[in-house]
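Source file upload.csv; content: CSV, C-alpha atoms.
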```
chain,number,residue,atom,x,y,z
F,424,MET,CA,-15.8,-36.2,-32.0
F,425,LYS,CA,-15.9,-33.1,-29.7
F,426,PHE,CA,-12.4,-32.2,-31.0
F,427,TYR,CA,-13.6,-32.1,-34.6
F,428,LYS,CA,-16.7,-30.1,-33.7
F,429,PHE,CA,-14.4,-27.6,-32.0
F,430,LEU,CA,-12.2,-27.3,-35.1
F,431,SER,CA,-15.3,-26.8,-37.3
F,432,ALA,CA,-16.7,-24.1,-35.1
F,433,ALA,CA,-13.3,-22.4,-34.9
F,434,PHE,CA,-13.0,-22.4,-38.7
F,435,ILE,CA,-16.5,-20.9,-39.2
F,436,ALA,CA,-15.7,-18.2,-36.6
F,437,LEU,CA,-12.4,-17.4,-38.4
F,438,ALA,CA,-14.1,-17.1,-41.7
F,439,ALA,CA,-16.7,-14.8,-40.3
F,440,VAL,CA,-14.3,-12.3,-38.9
F,441,SER,CA,-11.6,-12.2,-41.6
F,442,CYS,CA,-11.3,-9.2,-44.0
F,443,ASP,CA,-11.9,-9.7,-47.7
F,444,THR,CA,-9.0,-9.5,-50.1
F,445,PRO,CA,-8.5,-6.2,-51.9
F,446,GLU,CA,-10.7,-5.6,-54.9
F,447,PRO,CA,-9.2,-5.6,-58.4
F,448,THR,CA,-8.4,-2.1,-59.8
F,449,PRO,CA,-11.3,-1.0,-62.0
F,450,ASP,CA,-10.9,-0.4,-65.8
F,451,PRO,CA,-9.4,3.1,-66.4
F,452,GLU,CA,-11.6,5.7,-67.9
F,453,PRO,CA,-11.2,6.0,-71.7
F,454,ASN,CA,-8.7,8.8,-72.5
F,455,PRO,CA,-8.8,10.4,-69.0
F,456,GLY,CA,-6.9,13.4,-70.2
F,457,GLY,CA,-9.9,14.6,-72.2
F,458,ASP,CA,-11.3,13.4,-75.5
F,459,PRO,CA,-10.6,15.5,-78.7
F,460,VAL,CA,-13.7,16.4,-80.7
F,461,SER,CA,-14.1,14.9,-84.1
F,462,ASP,CA,-16.8,15.0,-86.8
F,463,ALA,CA,-15.9,11.5,-88.2
F,464,TYR,CA,-18.9,10.0,-86.4
F,465,THR,CA,-22.3,11.3,-85.2
F,466,ILE,CA,-24.3,9.9,-82.4
F,467,ASP,CA,-28.0,9.3,-83.2
F,468,VAL,CA,-31.2,7.8,-81.7
F,469,ASP,CA,-34.5,6.7,-83.3
F,470,LYS,CA,-36.6,8.1,-80.5
F,471,THR,CA,-36.1,10.7,-77.8
F,472,THR,CA,-38.8,9.8,-75.2
F,473,VAL,CA,-38.7,6.7,-73.1
F,474,GLU,CA,-41.0,5.4,-70.4
F,475,ALA,CA,-39.4,5.2,-66.9
F,476,ASP,CA,-40.3,1.6,-66.4
F,477,GLY,CA,-36.8,0.1,-66.7
F,478,VAL,CA,-38.0,-1.9,-69.8
F,479,ASP,CA,-38.5,0.7,-72.5
F,480,PHE,CA,-35.1,1.9,-73.9
F,481,VAL,CA,-33.5,4.2,-76.4
F,482,PRO,CA,-31.0,2.5,-78.9
F,483,PHE,CA,-28.0,4.5,-79.9
F,484,THR,CA,-26.3,4.4,-83.3
F,485,ILE,CA,-23.0,5.8,-84.4
F,486,LEU,CA,-23.2,7.1,-88.0
F,487,ASP,CA,-20.2,7.6,-90.3
F,488,LYS,CA,-20.1,10.4,-92.9
F,489,ASP,CA,-22.0,8.2,-95.3
F,490,GLY,CA,-24.8,7.7,-92.8
F,491,ASN,CA,-24.0,4.0,-92.0
F,492,ASP,CA,-24.2,2.7,-88.5
F,493,GLY,CA,-20.7,1.8,-87.6
F,494,LEU,CA,-21.8,-0.4,-84.6
F,495,VAL,CA,-23.4,-3.0,-86.8
F,496,ASN,CA,-22.0,-5.5,-89.3
F,497,GLU,CA,-23.8,-6.4,-92.6
F,498,ASP,CA,-25.2,-9.5,-90.9
F,499,GLY,CA,-26.7,-7.5,-88.1
F,500,SER,CA,-24.1,-8.5,-85.5
F,501,ASP,CA,-22.1,-6.0,-83.3
F,502,SER,CA,-19.1,-4.6,-85.0
F,503,ASP,CA,-15.6,-4.3,-83.5
F,504,LEU,CA,-16.2,-0.6,-83.2
F,505,LEU,CA,-18.6,-1.2,-80.3
F,506,SER,CA,-15.8,-2.2,-78.0
F,507,LYS,CA,-14.1,1.2,-78.8
F,508,THR,CA,-17.2,3.3,-78.3
F,509,TYR,CA,-18.5,4.7,-75.0
F,510,PHE,CA,-21.8,6.5,-74.6
F,511,VAL,CA,-21.6,9.3,-72.0
F,512,ILE,CA,-24.2,11.3,-70.1
F,513,ALA,CA,-23.2,14.9,-70.6
F,514,ASN,CA,-25.2,16.0,-67.6
F,515,ASN,CA,-22.7,14.3,-65.1
F,516,GLY,CA,-20.0,12.8,-67.2
F,517,LYS,CA,-21.0,9.2,-66.4
F,518,ARG,CA,-20.4,6.7,-69.1
F,519,LEU,CA,-22.5,3.7,-69.8
F,520,GLU,CA,-21.0,0.3,-69.4
F,521,ARG,CA,-18.6,-1.0,-72.0
F,522,LYS,CA,-20.3,-2.5,-75.1
F,523,THR,CA,-23.6,-0.9,-74.0
F,524,LYS,CA,-25.6,0.9,-76.8
F,525,THR,CA,-29.0,1.3,-75.2
F,526,PHE,CA,-30.3,3.4,-72.2
F,527,SER,CA,-33.2,2.8,-69.9
F,528,SER,CA,-34.1,4.2,-66.5
F,529,ILE,CA,-36.6,4.2,-63.7
F,530,LYS,CA,-36.3,7.9,-62.9
F,531,ASN,CA,-37.8,10.8,-64.7
F,532,GLY,CA,-35.3,13.2,-66.2
F,533,GLU,CA,-33.8,15.0,-69.1
F,534,TYR,CA,-30.5,13.4,-70.4
F,535,GLU,CA,-28.0,14.6,-72.9
F,536,PHE,CA,-25.6,12.1,-74.5
F,537,TYR,CA,-22.5,12.2,-76.6
F,538,ALA,CA,-20.2,9.3,-77.6
F,539,THR,CA,-16.5,8.8,-77.7
F,540,VAL,CA,-15.3,6.7,-80.6
F,541,ARG,CA,-11.7,5.5,-80.5
F,542,GLY,CA,-11.0,8.2,-78.0
F,543,GLU,CA,-12.6,11.0,-80.0
F,544,ARG,CA,-15.8,12.7,-78.9
F,545,THR,CA,-18.7,13.2,-81.3
F,546,ALA,CA,-19.3,16.9,-82.1
F,547,ASN,CA,-23.0,16.5,-81.7
F,548,THR,CA,-25.2,15.3,-78.7
F,549,VAL,CA,-28.7,13.9,-78.5
F,550,LYS,CA,-31.3,14.5,-75.8
F,551,VAL,CA,-33.5,11.9,-74.2
F,552,THR,CA,-36.5,12.4,-71.9
F,553,ILE,CA,-37.4,9.7,-69.3
F,554,GLN,CA,-41.0,10.1,-68.2
F,555,ASN,CA,-44.0,8.8,-66.2
F,556,ARG,CA,-42.2,7.0,-63.4
F,557,SER,CA,-45.3,7.4,-61.1
F,558,LYS,CA,-47.3,5.1,-63.4
F,559,TYR,CA,-45.0,2.2,-62.4
F,560,GLU,CA,-44.1,3.1,-58.8
F,561,LYS,CA,-46.1,5.5,-56.7
F,562,PHE,CA,-43.7,5.9,-53.8
F,563,LEU,CA,-40.0,6.8,-54.1
F,564,GLN,CA,-38.0,3.7,-53.1
F,565,LYS,CA,-35.2,3.7,-50.6
F,566,VAL,CA,-32.9,0.7,-50.6
F,567,CYS,CA,-31.7,-0.3,-47.1
F,568,VAL,CA,-28.0,-1.1,-47.2
F,569,TYR,CA,-27.0,-3.1,-44.2
F,570,GLN,CA,-23.2,-2.3,-43.9
F,571,LEU,CA,-21.5,-5.1,-42.1
F,572,THR,CA,-18.4,-3.7,-40.6
F,573,ALA,CA,-16.1,-3.6,-37.6
F,574,THR,CA,-13.6,-1.1,-36.0
F,575,TRP,CA,-10.8,-3.6,-36.4
F,576,CYS,CA,-11.4,-4.3,-40.1
F,577,GLY,CA,-8.7,-2.8,-42.3
F,578,TYR,CA,-10.7,-2.8,-45.6
F,579,CYS,CA,-14.0,-1.5,-44.0
F,580,PRO,CA,-13.1,2.2,-44.5
F,581,GLN,CA,-13.1,1.5,-48.2
F,582,MET,CA,-16.7,0.5,-48.1
F,583,THR,CA,-17.5,3.5,-45.9
F,584,GLU,CA,-15.9,5.8,-48.4
F,585,GLY,CA,-17.7,4.1,-51.3
F,586,LEU,CA,-21.1,4.3,-49.6
F,587,GLY,CA,-20.4,8.0,-48.8
F,588,LYS,CA,-19.8,8.7,-52.5
F,589,LEU,CA,-22.9,6.7,-53.4
F,590,ARG,CA,-25.1,8.8,-51.1
F,591,ALA,CA,-23.7,12.0,-52.6
F,592,GLY,CA,-24.4,10.8,-56.1
F,593,GLU,CA,-27.4,10.5,-58.4
F,594,ASN,CA,-28.9,7.6,-56.4
F,595,GLY,CA,-28.2,9.1,-53.0
F,596,GLU,CA,-31.9,9.8,-52.4
F,597,ASN,CA,-32.6,6.1,-52.8
F,598,VAL,CA,-30.2,4.8,-50.2
F,599,ILE,CA,-30.3,4.4,-46.4
F,600,VAL,CA,-27.2,2.9,-44.8
F,601,MET,CA,-27.3,1.0,-41.5
F,602,ALA,CA,-23.9,0.0,-40.1
F,603,CYS,CA,-24.2,-3.3,-38.2
F,604,HIS,CA,-20.9,-3.7,-36.3
F,605,ALA,CA,-19.5,-7.1,-35.4
F,606,GLN,CA,-17.3,-8.3,-32.6
F,607,ASP,CA,-16.3,-4.8,-31.4
F,608,ASP,CA,-17.6,-2.2,-28.8
F,609,TYR,CA,-20.3,-1.1,-31.2
F,610,ALA,CA,-21.7,-4.6,-31.9
F,611,LEU,CA,-25.3,-5.1,-30.8
F,612,PRO,CA,-26.3,-8.3,-29.0
F,613,TRP,CA,-28.7,-10.5,-31.0
F,614,GLU,CA,-30.7,-13.4,-29.7
F,615,ASN,CA,-30.1,-16.4,-32.0
F,616,PRO,CA,-29.2,-20.1,-31.7
F,617,GLN,CA,-25.6,-19.4,-32.6
F,618,LYS,CA,-25.1,-16.6,-30.1
F,619,TYR,CA,-23.8,-14.2,-32.7
F,620,ASP,CA,-24.0,-10.5,-32.4
F,621,LEU,CA,-26.2,-8.7,-35.0
F,622,GLY,CA,-23.5,-7.9,-37.5
F,623,THR,CA,-22.1,-11.5,-37.5
F,624,TYR,CA,-25.6,-12.9,-37.7
F,625,VAL,CA,-26.6,-10.9,-40.8
F,626,LEU,CA,-23.2,-11.7,-42.4
F,627,VAL,CA,-23.5,-15.5,-41.9
F,628,ASN,CA,-27.1,-15.7,-42.9
F,629,HIS,CA,-26.5,-13.9,-46.2
F,630,GLY,CA,-23.6,-15.8,-47.4
F,631,GLY,CA,-20.7,-13.5,-46.3
F,632,SER,CA,-17.4,-14.9,-45.3
F,633,GLY,CA,-15.5,-11.7,-44.3
F,634,TYR,CA,-15.8,-7.9,-43.8
F,635,PRO,CA,-16.7,-5.5,-45.2
F,636,TYR,CA,-19.9,-6.9,-46.6
F,637,ALA,CA,-23.3,-5.3,-47.4
F,638,VAL,CA,-26.8,-6.8,-47.6
F,639,TYR,CA,-29.3,-5.0,-49.7
F,640,ASP,CA,-32.9,-4.9,-48.5
F,641,MET,CA,-32.3,-8.2,-46.7
F,642,SER,CA,-32.5,-9.6,-50.2
F,643,PHE,CA,-28.9,-10.3,-51.3
F,644,GLY,CA,-25.4,-9.7,-50.1
F,645,ASN,CA,-22.2,-8.5,-51.8
F,646,GLY,CA,-18.7,-7.6,-50.6
F,647,GLN,CA,-17.7,-5.1,-53.3
F,648,ARG,CA,-17.0,-1.6,-52.0
F,649,THR,CA,-16.1,0.8,-54.9
F,650,GLU,CA,-18.6,3.5,-55.6
F,651,SER,CA,-19.4,2.3,-59.2
F,652,ILE,CA,-20.2,-1.3,-58.2
F,653,LEU,CA,-22.2,-0.2,-55.1
F,654,ASN,CA,-24.2,2.1,-57.4
F,655,SER,CA,-24.8,-0.7,-59.8
F,656,LEU,CA,-26.0,-3.0,-57.0
F,657,VAL,CA,-28.4,-0.3,-55.8
F,658,GLU,CA,-29.7,0.4,-59.3
F,659,GLY,CA,-30.2,-3.3,-59.8
F,660,GLN,CA,-32.3,-3.6,-56.7
F,661,LEU,CA,-34.3,-0.5,-57.7
F,662,MET,CA,-35.0,-2.0,-61.1
F,663,SER,CA,-35.8,-5.5,-60.0
F,664,ALA,CA,-37.9,-4.8,-56.9
F,665,PRO,CA,-39.9,-1.6,-57.2
F,666,ALA,CA,-41.6,-0.4,-54.0
F,667,THR,CA,-45.2,-1.5,-53.4
F,668,CYS,CA,-45.6,0.7,-50.4
F,669,GLY,CA,-44.6,4.0,-48.8
F,670,VAL,CA,-43.3,4.6,-45.3
F,671,LYS,CA,-44.0,7.7,-43.1
F,672,ILE,CA,-42.6,8.8,-39.8
F,673,SER,CA,-45.0,11.2,-38.1
F,674,GLU,CA,-43.2,11.3,-34.7
F,675,ALA,CA,-39.7,10.7,-33.5
F,676,LYS,CA,-38.8,11.7,-29.9
F,677,ILE,CA,-36.0,10.9,-27.6
F,678,ASP,CA,-35.1,12.2,-24.2
F,679,GLY,CA,-31.8,12.8,-22.5
F,680,ILE,CA,-31.5,9.3,-21.2
F,681,GLY,CA,-32.5,7.4,-24.3
F,682,ASN,CA,-36.2,6.8,-24.0
F,683,ALA,CA,-37.5,7.0,-27.6
F,684,THR,CA,-41.0,7.1,-29.1
F,685,ILE,CA,-41.5,6.5,-32.9
F,686,THR,CA,-44.9,6.7,-34.6
F,687,ALA,CA,-44.8,5.4,-38.2
F,688,SER,CA,-47.2,4.3,-41.0
F,689,VAL,CA,-47.1,2.2,-44.1
F,690,MET,CA,-49.4,2.8,-47.0
F,691,ALA,CA,-49.9,0.1,-49.6
F,692,ASP,CA,-49.7,0.8,-53.3
F,693,LYS,CA,-50.3,-2.9,-54.1
F,694,ASP,CA,-52.3,-5.5,-52.1
F,695,GLY,CA,-50.0,-7.4,-49.8
F,696,GLU,CA,-48.6,-8.2,-46.3
F,697,PHE,CA,-46.4,-5.6,-44.7
F,698,ASP,CA,-44.5,-5.5,-41.4
F,699,LEU,CA,-43.1,-2.2,-40.0
F,700,GLY,CA,-39.9,-2.2,-38.0
F,701,TYR,CA,-37.3,0.3,-36.9
F,702,ALA,CA,-33.6,0.9,-36.4
F,703,ILE,CA,-32.0,3.7,-34.3
F,704,LEU,CA,-28.7,4.8,-35.6
F,705,ALA,CA,-25.9,6.7,-33.9
F,706,ASP,CA,-23.5,9.2,-35.5
F,707,ASN,CA,-20.3,10.9,-34.2
F,708,GLN,CA,-19.1,7.8,-32.4
F,709,PRO,CA,-15.4,7.9,-31.5
F,710,SER,CA,-12.9,5.5,-33.0
F,711,LYS,CA,-11.7,3.7,-29.8
F,712,GLY,CA,-8.6,2.8,-31.7
F,713,GLY,CA,-10.4,1.6,-34.8
F,714,THR,CA,-9.5,2.0,-38.5
F,715,GLU,CA,-11.7,5.0,-38.9
F,716,SER,CA,-11.5,8.3,-37.0
F,717,ILE,CA,-15.2,8.4,-36.3
F,718,TYR,CA,-18.2,6.2,-37.0
F,719,HIS,CA,-21.6,7.0,-38.3
F,720,ASP,CA,-24.9,5.2,-39.0
F,721,VAL,CA,-24.1,2.8,-36.2
F,722,VAL,CA,-27.1,0.5,-35.4
F,723,ALA,CA,-27.8,1.2,-31.7
F,724,ALA,CA,-31.2,-0.4,-31.3
F,725,VAL,CA,-33.6,-2.3,-33.5
F,726,SER,CA,-37.0,-3.9,-33.5
F,727,ASN,CA,-37.3,-7.7,-33.2
F,728,ASN,CA,-38.2,-7.9,-36.9
F,729,PHE,CA,-35.1,-6.2,-38.0
F,730,VAL,CA,-33.9,-9.1,-40.1
F,731,LYS,CA,-37.2,-10.7,-41.2
F,732,MET,CA,-41.0,-10.3,-41.2
F,733,SER,CA,-42.7,-11.2,-38.0
F,734,PRO,CA,-45.9,-13.2,-38.1
F,735,ASP,CA,-47.0,-11.4,-34.9
F,736,THR,CA,-46.8,-7.9,-36.3
F,737,LYS,CA,-47.4,-8.2,-40.0
F,738,VAL,CA,-50.6,-6.7,-41.5
F,739,SER,CA,-52.6,-7.3,-44.7
F,740,LEU,CA,-53.4,-4.2,-46.6
F,741,LYS,CA,-55.3,-3.4,-49.8
F,742,SER,CA,-54.0,-0.9,-52.2
F,743,GLY,CA,-54.5,2.6,-50.7
F,744,GLU,CA,-54.9,1.3,-47.1
F,745,GLU,CA,-52.7,2.7,-44.3
F,746,PHE,CA,-51.5,1.1,-41.1
F,747,THR,CA,-50.0,3.1,-38.2
F,748,THR,CA,-48.1,1.9,-35.1
F,749,THR,CA,-46.0,3.3,-32.3
F,750,PHE,CA,-42.7,2.0,-31.0
F,751,THR,CA,-41.2,2.7,-27.6
F,752,VAL,CA,-37.6,1.7,-26.9
F,753,LYS,CA,-34.8,2.5,-24.5
F,754,VAL,CA,-31.6,3.3,-26.4
F,755,ASN,CA,-28.5,2.5,-24.4
F,756,ALA,CA,-25.2,4.4,-24.9
F,757,PHE,CA,-22.3,2.4,-26.2
F,758,LYS,CA,-19.7,1.4,-23.7
F,759,GLY,CA,-17.4,4.3,-22.9
F,760,VAL,CA,-19.4,6.8,-24.9
F,761,SER,CA,-21.5,9.6,-23.4
F,762,PHE,CA,-25.1,9.6,-24.5
F,763,SER,CA,-26.2,12.6,-26.5
F,764,PRO,CA,-29.7,12.7,-28.1
F,765,ASP,CA,-28.4,14.9,-30.9
F,766,ASN,CA,-26.3,12.1,-32.3
F,767,TYR,CA,-29.2,9.7,-32.9
F,768,LYS,CA,-31.7,9.3,-35.8
F,769,VAL,CA,-34.3,6.7,-36.8
F,770,VAL,CA,-35.0,4.5,-39.7
F,771,VAL,CA,-38.4,2.9,-40.3
F,772,PHE,CA,-38.7,0.1,-42.8
F,773,ALA,CA,-41.4,-2.1,-44.2
F,774,HIS,CA,-41.0,-5.8,-45.0
F,775,SER,CA,-43.1,-7.4,-47.7
F,776,ASN,CA,-43.4,-10.6,-49.8
F,777,ALA,CA,-44.2,-8.6,-53.0
F,778,HIS,CA,-41.4,-9.9,-55.1
F,779,GLY,CA,-41.6,-13.6,-54.4
F,780,LYS,CA,-39.5,-13.6,-51.3
F,781,GLN,CA,-39.5,-11.7,-48.0
F,782,GLN,CA,-37.4,-8.5,-48.1
F,783,ILE,CA,-37.4,-4.8,-47.3
F,784,ASP,CA,-40.0,-3.1,-49.6
F,785,ASN,CA,-39.4,0.5,-48.7
F,786,ALA,CA,-38.1,2.7,-45.8
F,787,ASN,CA,-37.8,6.3,-44.6
F,788,ALA,CA,-35.5,8.1,-42.1
F,789,CYS,CA,-35.3,11.3,-40.1
F,790,ALA,CA,-33.5,12.8,-37.1
F,791,PHE,CA,-35.2,12.8,-33.8
F,792,GLY,CA,-37.4,15.8,-33.4
F,793,GLN,CA,-38.2,15.7,-37.1
F,794,THR,CA,-40.7,13.9,-39.3
F,795,ALA,CA,-40.6,12.2,-42.7
F,796,ASP,CA,-43.7,12.1,-44.9
F,797,TYR,CA,-44.4,9.7,-47.8
F,798,ILE,CA,-42.2,10.5,-50.8
F,799,LEU,CA,-44.0,10.3,-54.1
F,800,ASN,CA,-42.5,9.7,-57.5
```

structure tokens encoding of this file:
Amino acid sequence: MKFYKFLSAAFIALAAVSCDTPEPTPDPEPNPGGDPVSDAYTIDVDKTTVEADGVDFVPFTILDKDGNDGLVNEDGSDSDLLSKTYFVIANNGKRLERKTKTFSSIKNGEYEFYATVRGERTANTVKVTIQNRSKYEKFLQKVCVYQLTATWCGYCPQMTEGLGKLRAGENGENVIVMACHAQDDYALPWENPQKYDLGTYVLVNHGGSGYPYAVYDMSFGNGQRTESILNSLVEGQLMSAPATCGVKISEAKIDGIGNATITASVMADKDGEFDLGYAILADNQPSKGGTESIYHDVVAAVSNNFVKMSPDTKVSLKSGEEFTTTFTVKVNAFKGVSFSPDNYKVVVFAHSNAHGKQQIDNANACAFGQTADYILN
């Protein structure tokens, strides 16, 4: 019996440390050499103003020279032309997903669209205004991406690259990355029945079987690592779980030997239970023979409620109420790395049960010596 238990444990451990297989190559962009302009079709919309609630949307039509919508058959079903048509945001060149003919958003903005039909671009464009986001979400939401990674992982740099492009893109202001290392010199010990380190614990408890992997707001996990898919996952979280609170960091200090003080607040936009926690991240960490030249956003210290809400520290708040607390922590340098306060920053997050399950509701971040106020939509 002990022999079989040993085999089972060994199999689980092997699954936990293995790297995922490569991702399939994404579909190529339509006519990547540049679309010729044609007046055979015209892009049109029946409204130009949309509420930023993620529900209201603008429907596109493609009109031929007779004024007929080429995307719809006589019986009202989608025509074959839809699969050959792409709607593109002229502001940034981003195309909507294939066979998509509507647009909605949870961000205020002015958007200009054109369409490509059979590889030819419409000569005209249409403009759409997204408005009133603050009516549906008071505080700007930041999604916490728990990047589960390791210095020995061959595919992990691909996720690091994808997350870097994500943060430089249109949703970059809505993302905070925290790299939880596993089974390497940057892995953080974590008290749990299985004796895993933090990275392995988060991986196993969110359904992952290999690295790289990412957990979003402690809500769901996914192993995809290309920028487009990462962006879609973040947008999905922003859409499905809008923030019901804001987070502020009013003090973040650290001395030359790692003694840190963090004062933070949470303000409720909706009645609920909230639990503030923190993570201290390290940048500019050397590779130590790893698959990347240098490591950033490395989780170096966390609060006890890093992975879930604590019944000992959660608070009940009414809409408009604020709760403030102060954390003190000793940050230890990683093995073989000289401690430099300039390399460390802080993330403060708030758990809640606002969306039917416990997850991160919102977060904020700043460098030590700086502050981060509430961010309003």

Top pick for closest residue to F:Gly681, considering F:Val495, F:Ala777, F:Val551, F:Ala723 and counting all atoms listed in the file: F:Ala723

To one decimal place, how far is atom CA of F:Thr684 from atom CA of F:Ser710 in Å? 28.4 Å

Point-to-point distance in Å for atom CA of F:Gly595 and atom CA of F:Gly743: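 Straight-line distance from atom CA of F:Gly743 to atom CA of F:Gly595 works out to 27.2 Å.
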
What separation in Å, quoted to one decimal, exists between atom CA of F:Val568 and atom CA of F:Tyr639?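 Those two atoms sit 4.8 Å apart.
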
Within 10 Å of (-35.4, 7.9, -78.0) (coordinates as in the file), grab all the protein and nucleic acid residues, counting all atoms listed in the file, and write them out as a PyMOL selection string. chain F and resi 467-474+479-483+525-527+549-553

If you keep C-alpha atoms, can you produce a file of those selected residues as a short mmCIF file (atom, residue, chain, number, x, y, z; two decimals), in the frame of the given file?
```cif
data_model
loop_
_atom_site.label_atom_id
_atom_site.label_comp_id
_atom_site.auth_asym_id
_atom_site.auth_seq_id
_atom_site.Cartn_x
_atom_site.Cartn_y
_atom_site.Cartn_z
CA ASP F 467 -28.00 9.30 -83.20
CA VAL F 468 -31.20 7.80 -81.70
CA ASP F 469 -34.50 6.70 -83.30
CA LYS F 470 -36.60 8.10 -80.50
CA THR F 471 -36.10 10.70 -77.80
CA THR F 472 -38.80 9.80 -75.20
CA VAL F 473 -38.70 6.70 -73.10
CA GLU F 474 -41.00 5.40 -70.40
CA ASP F 479 -38.50 0.70 -72.50
CA PHE F 480 -35.10 1.90 -73.90
CA VAL F 481 -33.50 4.20 -76.40
CA PRO F 482 -31.00 2.50 -78.90
CA PHE F 483 -28.00 4.50 -79.90
CA THR F 525 -29.00 1.30 -75.20
CA PHE F 526 -30.30 3.40 -72.20
CA SER F 527 -33.20 2.80 -69.90
CA VAL F 549 -28.70 13.90 -78.50
CA LYS F 550 -31.30 14.50 -75.80
CA VAL F 551 -33.50 11.90 -74.20
CA THR F 552 -36.50 12.40 -71.90
CA ILE F 553 -37.40 9.70 -69.30
#
```

Have stretch 532-548 of chain F completed to N, CA and C atoms, please, and pass it along as a CSV table (one decimal), keeping the file's coordinate frame.
```csv
chain,number,residue,atom,x,y,z
F,532,GLY,N,-36.4,12.2,-66.0
F,532,GLY,CA,-35.3,13.2,-66.2
F,532,GLY,C,-35.0,13.5,-67.6
F,533,GLU,N,-34.2,14.6,-67.8
F,533,GLU,CA,-33.8,15.0,-69.1
F,533,GLU,C,-32.3,14.7,-69.2
F,534,TYR,N,-31.9,13.9,-70.2
F,534,TYR,CA,-30.5,13.4,-70.4
F,534,TYR,C,-30.0,13.9,-71.7
F,535,GLU,N,-28.7,14.3,-71.7
F,535,GLU,CA,-28.0,14.6,-72.9
F,535,GLU,C,-26.8,13.7,-73.1
F,536,PHE,N,-26.7,13.1,-74.3
F,536,PHE,CA,-25.6,12.1,-74.5
F,536,PHE,C,-24.7,12.5,-75.6
F,537,TYR,N,-23.4,12.2,-75.4
F,537,TYR,CA,-22.5,12.2,-76.6
F,537,TYR,C,-21.8,10.8,-76.5
F,538,ALA,N,-21.0,10.6,-77.5
F,538,ALA,CA,-20.2,9.3,-77.6
F,538,ALA,C,-18.7,9.6,-77.8
F,539,THR,N,-17.9,8.7,-77.3
F,539,THR,CA,-16.5,8.8,-77.7
F,539,THR,C,-16.2,7.5,-78.5
F,540,VAL,N,-15.6,7.7,-79.7
F,540,VAL,CA,-15.3,6.7,-80.6
F,540,VAL,C,-13.8,6.7,-80.9
F,541,ARG,N,-13.1,5.6,-80.5
F,541,ARG,CA,-11.7,5.5,-80.5
F,541,ARG,C,-11.0,6.7,-79.9
F,542,GLY,N,-11.6,7.1,-78.7
F,542,GLY,CA,-11.0,8.2,-78.0
F,542,GLY,C,-11.3,9.6,-78.5
F,543,GLU,N,-12.2,9.7,-79.5
F,543,GLU,CA,-12.6,11.0,-80.0
F,543,GLU,C,-14.1,11.2,-79.7
F,544,ARG,N,-14.4,12.4,-79.3
F,544,ARG,CA,-15.8,12.7,-78.9
F,544,ARG,C,-16.6,13.2,-80.1
F,545,THR,N,-17.8,12.7,-80.2
F,545,THR,CA,-18.7,13.2,-81.3
F,545,THR,C,-19.0,14.7,-81.1
F,546,ALA,N,-19.0,15.4,-82.2
F,546,ALA,CA,-19.3,16.9,-82.1
F,546,ALA,C,-20.7,17.2,-81.6
F,547,ASN,N,-21.6,16.3,-82.0
F,547,ASN,CA,-23.0,16.5,-81.7
F,547,ASN,C,-23.4,15.7,-80.4
F,548,THR,N,-24.6,16.1,-79.9
F,548,THR,CA,-25.2,15.3,-78.7
F,548,THR,C,-26.7,15.0,-79.1
```
